[in-house]
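This is run25.txt. It holds compact mmCIF, C-alpha atoms and all ligand atoms.
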# COMPACT_ATOMS: atom_id res chain seq x y z
CA MET A 82 -18.27 -12.79 3.35
CA ALA A 83 -16.07 -14.62 0.86
CA ASN A 84 -12.31 -14.88 1.43
CA THR A 85 -11.16 -11.63 -0.15
CA ILE A 86 -7.83 -10.12 -1.14
CA ALA A 87 -8.11 -6.32 -0.85
CA ILE A 88 -5.41 -4.47 -2.74
CA GLY A 89 -4.65 -1.00 -4.04
CA ILE A 90 -4.57 -0.81 -7.84
CA GLN A 91 -3.09 2.63 -8.48
CA TRP A 92 0.02 4.11 -6.78
CA GLY A 93 -1.04 3.45 -3.19
CA ASP A 94 -3.15 5.68 -0.92
CA GLU A 95 -6.37 4.54 -2.58
CA GLY A 96 -8.29 4.43 0.69
CA LYS A 97 -7.56 0.78 1.49
CA GLY A 98 -7.69 1.56 5.22
CA LYS A 99 -11.34 2.51 5.11
CA ILE A 100 -12.38 -0.42 2.90
CA VAL A 101 -10.44 -2.94 5.00
CA ASP A 102 -11.90 -1.39 8.14
CA LEU A 103 -15.39 -1.91 6.69
CA LEU A 104 -14.73 -5.51 5.71
CA ALA A 105 -12.74 -6.48 8.82
CA PRO A 106 -15.72 -6.93 11.19
CA ARG A 107 -17.07 -9.55 8.78
CA ALA A 108 -13.76 -11.44 8.70
CA ASP A 109 -12.48 -13.85 11.34
CA VAL A 110 -8.88 -13.26 10.29
CA VAL A 111 -7.16 -10.23 8.69
CA ALA A 112 -3.72 -10.99 7.23
CA ARG A 113 -1.03 -8.61 5.90
CA PHE A 114 1.17 -10.19 3.26
CA GLN A 115 3.73 -7.65 1.94
CA GLY A 116 5.27 -4.25 2.52
CA GLY A 117 6.13 -2.78 5.86
CA PRO A 118 6.06 0.55 7.65
CA ASN A 119 6.03 2.35 4.27
CA ALA A 120 2.25 1.81 4.41
CA GLY A 121 0.02 3.82 6.68
CA HIS A 122 -3.65 3.90 7.50
CA THR A 123 -5.36 6.22 9.89
CA LEU A 124 -7.63 4.84 12.58
CA VAL A 125 -9.76 6.79 14.99
CA ILE A 126 -9.52 5.31 18.47
CA GLY A 127 -11.80 7.14 20.89
CA ASN A 128 -11.35 10.70 19.68
CA GLU A 129 -7.71 10.28 18.74
CA LYS A 130 -6.40 9.73 15.23
CA THR A 131 -3.67 7.08 15.04
CA VAL A 132 -1.67 6.06 12.00
CA LEU A 133 -0.91 2.36 11.92
CA HIS A 134 1.91 1.24 9.63
CA LEU A 135 2.20 -2.44 10.39
CA VAL A 136 -0.64 -3.64 12.61
CA PRO A 137 -3.65 -4.61 10.44
CA SER A 138 -6.67 -2.36 10.97
CA GLY A 139 -8.78 -5.35 12.05
CA ILE A 140 -7.08 -5.01 15.45
CA LEU A 141 -9.98 -2.92 16.79
CA HIS A 142 -12.47 -5.74 16.38
CA ALA A 143 -12.83 -8.07 19.33
CA ASP A 144 -13.27 -11.28 17.37
CA THR A 145 -10.74 -10.69 14.62
CA LEU A 146 -7.31 -12.30 14.63
CA CYS A 147 -4.66 -10.15 12.91
CA LEU A 148 -1.73 -11.81 11.19
CA ILE A 149 1.49 -10.41 9.76
CA GLY A 150 2.85 -12.76 7.11
CA ASN A 151 6.31 -13.84 6.00
CA GLY A 152 6.10 -11.54 2.96
CA THR A 153 6.26 -8.40 5.09
CA VAL A 154 9.26 -6.50 6.47
CA VAL A 155 8.79 -5.51 10.10
CA ALA A 156 10.51 -2.64 11.93
CA PRO A 157 10.45 -3.72 15.60
CA GLU A 158 10.41 -0.16 17.04
CA THR A 159 7.50 0.84 14.80
CA ILE A 160 5.29 -2.12 15.52
CA ILE A 161 6.05 -1.95 19.24
CA GLU A 162 5.10 1.72 19.31
CA GLU A 163 1.83 0.86 17.57
CA MET A 164 1.20 -1.98 19.98
CA ASP A 165 1.80 0.36 22.94
CA THR A 166 -0.63 2.96 21.58
CA LEU A 167 -3.26 0.27 21.11
CA ILE A 168 -2.62 -1.29 24.52
CA GLY A 169 -2.88 2.21 26.06
CA ALA A 170 -6.33 2.48 24.47
CA GLY A 171 -7.36 -0.80 26.13
CA ILE A 172 -7.00 -3.05 23.07
CA PRO A 173 -5.67 -6.52 23.97
CA VAL A 174 -3.05 -6.66 21.22
CA ASP A 175 -1.31 -9.72 22.66
CA GLU A 176 -4.48 -11.77 22.16
CA ARG A 177 -5.29 -10.48 18.69
CA LEU A 178 -1.96 -10.24 16.86
CA ARG A 179 0.44 -12.89 15.58
CA ILE A 180 3.63 -12.32 13.57
CA SER A 181 5.19 -14.87 11.25
CA ASP A 182 8.39 -16.52 12.43
CA ARG A 183 9.64 -16.04 8.86
CA CYS A 184 9.15 -12.26 8.84
CA GLN A 185 12.15 -10.17 7.85
CA LEU A 186 13.21 -7.46 10.28
CA ILE A 187 14.09 -3.91 9.25
CA LEU A 188 17.12 -2.83 11.30
CA PRO A 189 18.67 0.65 11.70
CA TYR A 190 21.28 -0.01 9.02
CA HIS A 191 18.54 -0.59 6.43
CA ARG A 192 17.17 2.89 7.03
CA ALA A 193 20.66 4.41 6.91
CA LEU A 194 21.31 2.77 3.54
CA ASP A 195 17.90 3.84 2.18
CA ALA A 196 18.64 7.46 3.18
CA ALA A 197 22.22 7.43 1.86
CA ARG A 198 21.14 6.03 -1.52
CA GLU A 199 18.36 8.52 -1.96
CA ALA A 200 20.61 11.43 -0.99
CA ALA A 201 23.31 10.27 -3.41
CA LYS A 202 20.81 9.95 -6.27
CA GLY A 203 19.79 13.57 -5.87
CA LYS A 204 17.31 14.49 -8.60
CA GLY A 205 17.17 10.89 -9.81
CA ARG A 206 15.92 9.59 -6.46
CA ILE A 207 12.95 7.25 -6.21
CA GLY A 208 11.37 9.25 -3.41
CA THR A 209 11.15 6.31 -1.01
CA THR A 210 9.44 6.61 2.35
CA GLY A 211 12.87 6.32 3.98
CA ARG A 212 11.76 3.35 6.06
CA GLY A 213 14.50 0.97 4.91
CA ILE A 214 12.09 -1.12 2.83
CA GLY A 215 14.34 -1.66 -0.21
CA PRO A 216 17.50 -2.62 1.71
CA ALA A 217 15.51 -5.03 3.93
CA TYR A 218 14.02 -6.84 0.92
CA GLU A 219 17.45 -6.89 -0.72
CA ASP A 220 18.87 -8.67 2.31
CA LYS A 221 16.02 -11.15 2.12
CA THR A 222 16.69 -12.11 -1.48
CA ALA A 223 20.44 -12.04 -0.90
CA ARG A 224 19.78 -14.64 1.82
CA ARG A 225 21.38 -12.64 4.59
CA GLY A 226 18.20 -11.13 6.09
CA ILE A 227 17.45 -11.34 9.80
CA ARG A 228 14.12 -13.01 10.45
CA LEU A 229 12.06 -12.99 13.62
CA ILE A 230 12.94 -16.64 14.28
CA ASP A 231 16.63 -15.63 14.30
CA MET A 232 16.05 -13.92 17.65
CA LEU A 233 16.41 -17.45 19.04
CA SER A 234 19.44 -18.40 16.98
CA PRO A 235 22.90 -18.74 18.58
CA GLY A 236 24.38 -17.54 15.27
CA LEU A 237 22.55 -14.18 15.38
CA ASP A 238 25.45 -12.11 16.73
CA ALA A 239 27.81 -13.19 13.97
CA LYS A 240 25.16 -12.67 11.30
CA ILE A 241 24.52 -9.12 12.46
CA ALA A 242 28.24 -8.41 12.65
CA GLU A 243 28.66 -9.53 9.04
CA ASN A 244 25.64 -7.58 7.75
CA LEU A 245 26.66 -4.47 9.64
CA ALA A 246 30.24 -4.64 8.39
CA TRP A 247 29.03 -4.86 4.79
CA THR A 248 26.50 -2.07 5.19
CA ASN A 249 28.92 0.19 7.03
CA PHE A 250 31.48 -0.41 4.31
CA GLN A 251 28.98 0.90 1.75
CA LEU A 252 27.94 3.81 3.97
CA THR A 253 31.44 5.05 4.76
CA GLU A 254 33.42 4.08 1.66
CA TYR A 255 30.93 4.66 -1.10
CA PHE A 256 28.38 7.10 0.27
CA LYS A 257 30.83 8.90 2.60
CA VAL A 258 28.36 9.08 5.48
CA ASP A 259 28.54 7.96 9.11
CA PRO A 260 28.39 4.25 9.94
CA VAL A 261 25.66 2.71 12.08
CA ASP A 262 26.67 1.82 15.59
CA ARG A 263 26.26 -1.79 16.69
CA THR A 264 24.66 -0.73 20.00
CA GLU A 265 21.79 0.83 18.02
CA VAL A 266 21.15 -2.48 16.29
CA ASP A 267 21.44 -4.47 19.51
CA ALA A 268 18.86 -2.25 21.21
CA VAL A 269 16.34 -3.03 18.46
CA ILE A 270 17.15 -6.74 18.57
CA GLU A 271 16.55 -6.75 22.31
CA MET A 272 13.19 -5.01 21.84
CA ALA A 273 12.22 -7.60 19.22
CA ARG A 274 13.23 -10.43 21.56
CA GLN A 275 11.23 -9.12 24.46
CA ARG A 276 8.09 -7.89 22.72
CA LEU A 277 7.77 -9.71 19.39
CA LEU A 278 8.86 -13.24 20.26
CA PRO A 279 5.77 -13.78 22.43
CA LEU A 280 3.64 -13.03 19.36
CA MET A 281 5.66 -15.17 16.95
CA ALA A 282 3.76 -17.96 15.22
CA ASP A 283 3.59 -20.20 12.18
CA VAL A 284 1.16 -17.91 10.37
CA ALA A 285 0.69 -20.24 7.38
CA LEU A 286 -0.38 -23.01 9.75
CA ILE A 287 -2.86 -20.75 11.55
CA LEU A 288 -4.41 -19.77 8.21
CA HIS A 289 -4.76 -23.38 7.14
CA GLN A 290 -6.37 -24.34 10.43
CA ARG A 291 -8.73 -21.36 10.40
CA HIS A 292 -9.70 -21.99 6.77
CA LYS A 293 -10.40 -25.64 7.52
CA ALA A 294 -12.62 -24.57 10.40
CA GLY A 295 -14.68 -22.45 7.99
CA ASP A 296 -13.41 -19.05 9.10
CA THR A 297 -13.44 -16.06 6.76
CA ILE A 298 -10.14 -14.48 5.78
CA LEU A 299 -9.42 -10.96 4.59
CA PHE A 300 -6.02 -10.53 2.92
CA GLU A 301 -4.84 -6.94 3.35
CA GLY A 302 -2.49 -5.49 0.74
CA ALA A 303 -0.31 -2.40 0.99
CA GLN A 304 0.80 0.14 -1.67
CA GLY A 305 -0.72 -0.47 -5.12
CA THR A 306 -0.22 -2.35 -8.39
CA MET A 307 1.69 0.52 -10.03
CA LEU A 308 4.25 0.27 -7.20
CA ASP A 309 4.65 -3.50 -7.70
CA VAL A 310 8.31 -4.42 -8.20
CA ASP A 311 7.46 -6.30 -11.43
CA PHE A 312 4.25 -4.75 -12.76
CA GLY A 313 4.64 -1.16 -11.59
CA THR A 314 6.63 1.73 -13.03
CA TYR A 315 9.99 0.06 -12.38
CA PRO A 316 12.38 1.30 -10.99
CA TYR A 317 10.03 3.87 -9.40
CA VAL A 318 8.33 1.21 -7.33
CA THR A 319 8.48 -0.37 -3.91
CA SER A 320 10.53 -3.53 -3.37
CA SER A 321 7.74 -6.09 -3.02
CA ASN A 322 5.05 -7.56 -5.23
CA THR A 323 1.79 -5.83 -4.45
CA VAL A 324 -0.49 -7.79 -6.81
CA ALA A 325 -2.97 -10.35 -5.49
CA GLY A 326 -0.55 -13.21 -6.17
CA ALA A 327 1.70 -11.82 -3.44
CA ALA A 328 -0.95 -12.73 -0.86
CA LEU A 329 -0.30 -16.41 -1.51
CA ALA A 330 3.49 -16.36 -1.28
CA GLY A 331 3.45 -13.72 1.46
CA LEU A 332 1.38 -15.87 3.78
CA GLY A 333 1.96 -19.43 2.65
CA VAL A 334 -1.46 -20.31 1.25
CA GLY A 335 -2.71 -21.65 -2.07
CA PRO A 336 -5.06 -20.01 -4.59
CA GLY A 337 -7.91 -22.28 -3.48
CA MET A 338 -8.22 -20.22 -0.31
CA VAL A 339 -9.17 -17.07 -2.22
CA ASP A 340 -12.66 -16.33 -3.54
CA GLU A 341 -12.47 -12.68 -4.59
CA VAL A 342 -9.99 -9.92 -5.34
CA LEU A 343 -11.17 -6.42 -4.53
CA GLY A 344 -9.22 -3.73 -6.38
CA ILE A 345 -9.37 -0.41 -4.56
CA CYS A 346 -8.90 2.81 -6.53
CA LYS A 347 -9.78 6.47 -6.28
CA ALA A 348 -12.18 8.15 -8.71
CA TYR A 349 -9.08 10.09 -9.79
CA THR A 350 -5.36 9.29 -9.46
CA THR A 351 -2.62 10.27 -7.00
CA ARG A 352 1.03 9.42 -6.58
CA VAL A 353 3.74 10.26 -4.04
CA GLY A 354 7.42 9.97 -4.85
CA ALA A 355 9.01 10.15 -8.28
CA GLY A 356 8.21 8.28 -11.49
CA PRO A 357 5.95 8.44 -14.52
CA PHE A 358 2.32 9.46 -14.04
CA PRO A 359 0.65 10.00 -17.44
CA THR A 360 -2.54 11.74 -16.25
CA GLU A 361 -0.77 14.04 -13.79
CA LEU A 362 -2.28 17.53 -13.57
CA TYR A 363 -0.91 19.08 -10.43
CA ASN A 364 2.02 18.77 -8.02
CA ALA A 365 3.87 20.69 -5.35
CA ASP A 366 6.83 21.19 -7.70
CA GLY A 367 5.03 23.76 -9.78
CA MET A 368 2.76 21.81 -12.14
CA GLU A 369 -0.47 23.78 -12.07
CA ASP A 370 -3.99 22.85 -13.09
CA GLU A 371 -7.29 23.96 -11.65
CA ALA A 372 -8.96 20.54 -11.54
CA GLY A 373 -5.77 18.93 -10.20
CA ARG A 374 -5.50 21.49 -7.41
CA TYR A 375 -9.21 20.97 -6.64
CA MET A 376 -8.60 17.22 -6.16
CA ALA A 377 -5.47 17.82 -4.05
CA GLU A 378 -7.18 20.30 -1.75
CA LYS A 379 -10.63 18.75 -1.50
CA GLY A 380 -9.17 15.25 -1.28
CA GLN A 381 -6.59 16.35 1.36
CA GLU A 382 -3.91 14.59 -0.58
CA PHE A 383 -0.98 14.32 1.80
CA GLY A 384 0.89 11.04 2.53
CA SER A 385 -0.09 9.41 5.85
CA THR A 386 3.44 8.01 6.39
CA THR A 387 5.56 10.92 5.17
CA GLY A 388 3.15 13.88 5.10
CA ARG A 389 4.37 14.67 1.57
CA PRO A 390 1.88 16.36 -0.79
CA ARG A 391 0.59 13.90 -3.38
CA ARG A 392 0.62 14.50 -7.12
CA THR A 393 -2.90 14.41 -8.57
CA GLY A 394 -4.49 13.67 -11.95
CA TRP A 395 -7.49 12.22 -13.77
CA PHE A 396 -8.61 8.60 -13.48
CA ASP A 397 -6.35 6.44 -15.63
CA ALA A 398 -8.28 3.46 -16.98
CA VAL A 399 -5.14 2.07 -18.67
CA VAL A 400 -3.58 1.73 -15.22
CA VAL A 401 -6.69 0.18 -13.68
CA ARG A 402 -7.25 -2.19 -16.61
CA HIS A 403 -3.62 -3.32 -16.28
CA ALA A 404 -4.16 -3.94 -12.56
CA VAL A 405 -7.42 -5.81 -13.18
CA ARG A 406 -5.47 -8.13 -15.44
CA VAL A 407 -2.23 -8.69 -13.51
CA ALA A 408 -3.91 -8.87 -10.13
CA GLY A 409 -6.99 -10.84 -11.20
CA VAL A 410 -9.35 -8.21 -9.77
CA THR A 411 -12.97 -9.40 -9.62
CA GLY A 412 -14.54 -6.17 -8.35
CA LEU A 413 -13.61 -2.51 -8.04
CA ALA A 414 -14.01 -0.46 -4.87
CA ILE A 415 -14.00 3.18 -5.96
CA THR A 416 -13.19 5.73 -3.27
CA LYS A 417 -13.45 9.52 -2.97
CA LEU A 418 -16.11 9.94 -5.64
CA ASP A 419 -17.36 12.97 -3.68
CA VAL A 420 -14.04 14.80 -4.28
CA LEU A 421 -15.08 15.24 -7.92
CA ASP A 422 -18.41 16.89 -6.97
CA GLY A 423 -18.58 20.41 -8.37
CA LEU A 424 -16.19 19.97 -11.30
CA PRO A 425 -17.82 21.10 -14.56
CA GLU A 426 -16.36 18.15 -16.44
CA VAL A 427 -14.52 14.94 -15.56
CA LYS A 428 -12.01 13.08 -17.70
CA LEU A 429 -11.13 9.43 -18.11
CA CYS A 430 -7.87 8.34 -19.72
CA VAL A 431 -8.81 5.39 -21.94
CA ALA A 432 -5.54 4.88 -23.84
CA TYR A 433 -2.13 6.50 -24.37
CA GLU A 434 -0.50 7.97 -27.41
CA ARG A 435 3.23 7.74 -28.13
CA ASP A 436 4.93 8.79 -31.35
CA GLY A 437 1.56 8.92 -33.08
CA GLU A 438 0.69 5.39 -31.99
CA ARG A 439 -2.25 4.47 -29.75
CA LEU A 440 -1.39 2.21 -26.80
CA GLU A 441 -4.00 0.26 -24.84
CA THR A 442 -1.57 -1.19 -22.28
CA ILE A 443 1.22 0.05 -20.01
CA PRO A 444 4.70 -0.09 -21.57
CA ALA A 445 7.20 -2.00 -19.40
CA ASP A 446 9.82 0.74 -19.68
CA ALA A 447 9.42 3.77 -17.40
CA ALA A 448 10.98 6.11 -19.98
CA ALA A 449 8.49 4.87 -22.61
CA LEU A 450 5.62 5.48 -20.18
CA GLU A 451 6.99 8.94 -19.43
CA ALA A 452 6.75 9.70 -23.16
CA CYS A 453 3.06 8.72 -23.32
CA THR A 454 0.31 11.31 -23.43
CA PRO A 455 -3.19 10.39 -22.26
CA VAL A 456 -6.11 9.94 -24.64
CA TYR A 457 -9.08 11.34 -22.73
CA GLU A 458 -12.80 10.93 -22.88
CA THR A 459 -14.50 13.97 -21.40
CA LEU A 460 -17.76 13.46 -19.54
CA SER A 461 -20.02 16.02 -17.89
CA GLY A 462 -19.36 16.71 -14.25
CA TRP A 463 -22.07 17.14 -11.60
CA SER A 464 -22.83 20.02 -9.31
CA GLU A 465 -24.89 17.97 -6.84
CA SER A 466 -23.23 16.51 -3.74
CA THR A 467 -22.55 12.78 -3.63
CA PHE A 468 -21.01 13.14 -0.16
CA GLY A 469 -22.27 10.46 2.19
CA ALA A 470 -24.55 8.82 -0.41
CA THR A 471 -25.59 5.31 0.56
CA SER A 472 -27.45 4.19 -2.57
CA MET A 473 -27.04 4.58 -6.30
CA ALA A 474 -30.45 6.26 -6.43
CA GLN A 475 -28.93 9.23 -4.57
CA LEU A 476 -26.27 9.83 -7.22
CA PRO A 477 -26.71 12.35 -10.05
CA ALA A 478 -27.01 10.89 -13.55
CA ALA A 479 -23.61 12.28 -14.58
CA ALA A 480 -21.85 10.49 -11.68
CA LYS A 481 -23.59 7.25 -12.63
CA ALA A 482 -22.53 7.68 -16.26
CA PHE A 483 -18.92 8.25 -15.11
CA LEU A 484 -18.97 5.03 -13.06
CA GLN A 485 -20.57 3.05 -15.85
CA ARG A 486 -17.88 4.17 -18.25
CA ILE A 487 -15.20 3.17 -15.73
CA GLU A 488 -16.69 -0.32 -15.58
CA GLU A 489 -16.70 -0.58 -19.37
CA VAL A 490 -13.17 0.64 -20.02
CA CYS A 491 -11.63 -1.17 -17.03
CA GLU A 492 -13.47 -4.38 -17.89
CA CYS A 493 -14.51 -4.93 -14.28
CA PRO A 494 -17.67 -4.28 -12.26
CA VAL A 495 -17.77 -1.69 -9.49
CA THR A 496 -18.83 -3.52 -6.32
CA MET A 497 -18.24 -0.84 -3.69
CA LEU A 498 -18.35 2.92 -3.83
CA SER A 499 -17.06 5.15 -1.07
CA THR A 500 -18.63 8.60 -0.83
CA GLY A 501 -16.91 10.04 2.25
CA PRO A 502 -14.51 9.22 5.07
CA ASP A 503 -16.97 7.66 7.52
CA ARG A 504 -17.85 3.99 7.69
CA GLY A 505 -21.43 4.76 6.73
CA HIS A 506 -20.44 6.63 3.58
CA ILE A 507 -20.55 3.60 1.34
CA ILE A 508 -22.62 2.02 -1.42
CA HIS A 509 -22.51 -1.76 -1.84
CA LEU A 510 -23.34 -2.92 -5.35
CA ASP A 511 -24.12 -6.35 -6.67
CA PRO A 512 -21.66 -7.35 -9.38
P1 LIG B 1 9.62 2.53 -0.48
O1 LIG B 1 8.52 1.53 -0.46
O2 LIG B 1 9.73 3.32 0.80
O3 LIG B 1 10.92 1.94 -0.91
O4 LIG B 1 9.26 3.64 -1.59
C1 LIG B 1 9.24 3.33 -2.98
C2 LIG B 1 8.12 4.08 -3.68
O5 LIG B 1 6.86 3.60 -3.25
C3 LIG B 1 8.10 5.59 -3.42
O6 LIG B 1 7.60 6.24 -4.58
C4 LIG B 1 7.06 5.74 -2.31
O7 LIG B 1 6.48 7.03 -2.29
C5 LIG B 1 6.07 4.68 -2.71
N1 LIG B 1 5.30 4.14 -1.59
C6 LIG B 1 5.68 3.21 -0.70
N2 LIG B 1 4.70 2.93 0.16
C7 LIG B 1 3.66 3.68 -0.20
C8 LIG B 1 2.32 3.80 0.30
O8 LIG B 1 1.89 3.13 1.24
N3 LIG B 1 1.53 4.70 -0.36
C9 LIG B 1 1.95 5.41 -1.43
N4 LIG B 1 3.18 5.31 -1.94
C10 LIG B 1 4.03 4.45 -1.32
Show me the file's structure as structure tokens.
Ligand code: IMP
Amino acid sequence: MANTIAIGIQWGDEGKGKIVDLLAPRADVVARFQGGPNAGHTLVIGNEKTVLHLVPSGILHADTLCLIGNGTVVAPETIIEEMDTLIGAGIPVDERLRISDRCQLILPYHRALDAAREAAKGKGRIGTTGRGIGPAYEDKTARRGIRLIDMLSPGLDAKIAENLAWTNFQLTEYFKVDPVDRTEVDAVIEMARQRLLPLMADVALILHQRHKAGDTILFEGAQGTMLDVDFGTYPYVTSSNTVAGAALAGLGVGPGMVDEVLGICKAYTTRVGAGPFPTELYNADGMEDEAGRYMAEKGQEFGSTTGRPRRTGWFDAVVVRHAVRVAGVTGLAITKLDVLDGLPEVKLCVAYERDGERLETIPADAAALEACTPVYETLSGWSESTFGATSMAQLPAAAKAFLQRIEEVCECPVTMLSTGPDRGHIIHLDP
């Protein structure tokens, strides 16, 4: 396998977990480079379903080293809970996982601030996952963040005191909510010291050494391009860059280490949280549409981190084309094709229209995007089942025509096609 960056190229929840899980056994190293416990992928260990938020899914494979890079934000309690679940299932996490010394920590006051801001915004809220992601990244860029290496610093106490004073000032004076108690923060710091310091490493150095030795690396992204802090639907985005370029800065490697960028997207579109979504058909707030409801129900569209129902809509090729461009995607992995089985027709959004003008690209302004209406191409649906198909020959002609049109309008070949939740439900295609 080539060194591959695997990223989501819609609004997250594209099925990255399954694709990464498929690719991980072929990689010597799996490395996370951005985001934090806002992400979530479900793994089946024994007969039990487990949602991992921070530990890369490669952790189940005996010969795979899992790395968490400097570009991520790590909540010590969350990762420790995941480690304990994995250890309980007999997985030697201590041997397989390393965390960057430069990682930023999410502390209880970040979550409190996230919650207070969202509550204060009321209807205008972003709909964050409530995991403290934004405030943790803010502290990083404001140069007051607490990194894993700081667990060894004699100045840590004073730094926390200063950060907590500032955050509590905002919580009590501006948001009029309770402050965060220092003992709560200290408990988390102590957990990080005891459990995370033994796993701390210079992740960039490990990657360079492994690459030099000829090992294969899989770079695992979280969220999706439309949630990227620069290229997504700002401000309705997450607080990190989610495009392929983030893999380099989020791990400390150069572009020469990357061979391919796999862009993962559903055969339709979903979104959780607020913000523009031009092809939206159906949501839990009362937007009704038969095809949209079909996708939501058949696709079991509920967030794995928050359990919130996802908004659903047709495949948006303007979004995917934008992602192909800004993330340098070399191949598409299309998931959940089978969810569309049984629909009499399927639609593809190929452009937008705003004030009588046709747009081929995403406007930078969220309000401008909100004002766009989709220009659709309607293709015939298929009544046959594609569920579990393992070769293109098994697909009905209408499904093939749909995929071919996606390739044309997104200007990118489809290299993988997922036709169900199991590992075996996959079609590999030559670009
Ligand atoms: P935050 O990352 O928790 O700050 O949330 C910001 C926005 O990104 C919200 O709309 C979230 O719903 C969305 N978001 C964050 N992580 C994910 C994810 O893993 N999947 C889907 N949406 C996400």
Which residues of stretch 317-429 of chain A come within 9 Å of stretch 206-213 of chain A, and what is each one's closest atom pair and distance in Å (one decimal), counting all atoms listed in the file, sorted by chain and residue number, as JSON lines?
{"residue": "A:Tyr317", "atom": "CA", "partner": "A:Ile207", "partner_atom": "CA", "distance": 5.5}
{"residue": "A:Val318", "atom": "CA", "partner": "A:Ile207", "partner_atom": "CA", "distance": 7.7}
{"residue": "A:Thr319", "atom": "CA", "partner": "A:Thr209", "partner_atom": "CA", "distance": 7.8}
{"residue": "A:Val353", "atom": "CA", "partner": "A:Gly208", "partner_atom": "CA", "distance": 7.7}
{"residue": "A:Gly354", "atom": "CA", "partner": "A:Gly208", "partner_atom": "CA", "distance": 4.3}
{"residue": "A:Ala355", "atom": "CA", "partner": "A:Ile207", "partner_atom": "CA", "distance": 5.3}
{"residue": "A:Gly356", "atom": "CA", "partner": "A:Ile207", "partner_atom": "CA", "distance": 7.2}
{"residue": "A:Thr386", "atom": "CA", "partner": "A:Thr210", "partner_atom": "CA", "distance": 7.4}
{"residue": "A:Thr387", "atom": "CA", "partner": "A:Thr210", "partner_atom": "CA", "distance": 6.4}
List the spatial neighbours of A:His122 as a count of residues only - criterion: any atom at most 6 Å away, all atoms listed in the file, same-chain residues fewer than 2 positions off excluded. 3
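The shell of residues at most 7 Å from stretch 474-491 of chain A, with only C-alpha atoms counted and near chain neighbours (fewer than 2 positions) removed, consists of A:Ala398, A:Val401, A:Arg402, A:Val431, A:Leu460, A:Ser461, A:Gly462, A:Trp463, A:Glu465, A:Thr467, A:Ala470, A:Ser472, A:Cys493, A:Pro494, A:Val495.
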Of the candidates A:Arg439, A:Arg177, A:Arg389, A:Lys257, which shows the shortest atom-to-atom distance to A:Ala365, using only C-alpha atoms?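 Of A:Arg439, A:Arg177, A:Arg389, A:Lys257, the one nearest A:Ala365, counting only C-alpha atoms, is A:Arg389.
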Please report, as lines of an AutoDock Vina configuration file, the centre and edge lengths in Å to one decimal of an axis-aligned box covering all listed atoms of ligand LIG 1 (chain B) with 3 Å per side.
center_x = 6.2
center_y = 4.3
center_z = -1.7
size_x = 15.4
size_y = 11.5
size_z = 11.8
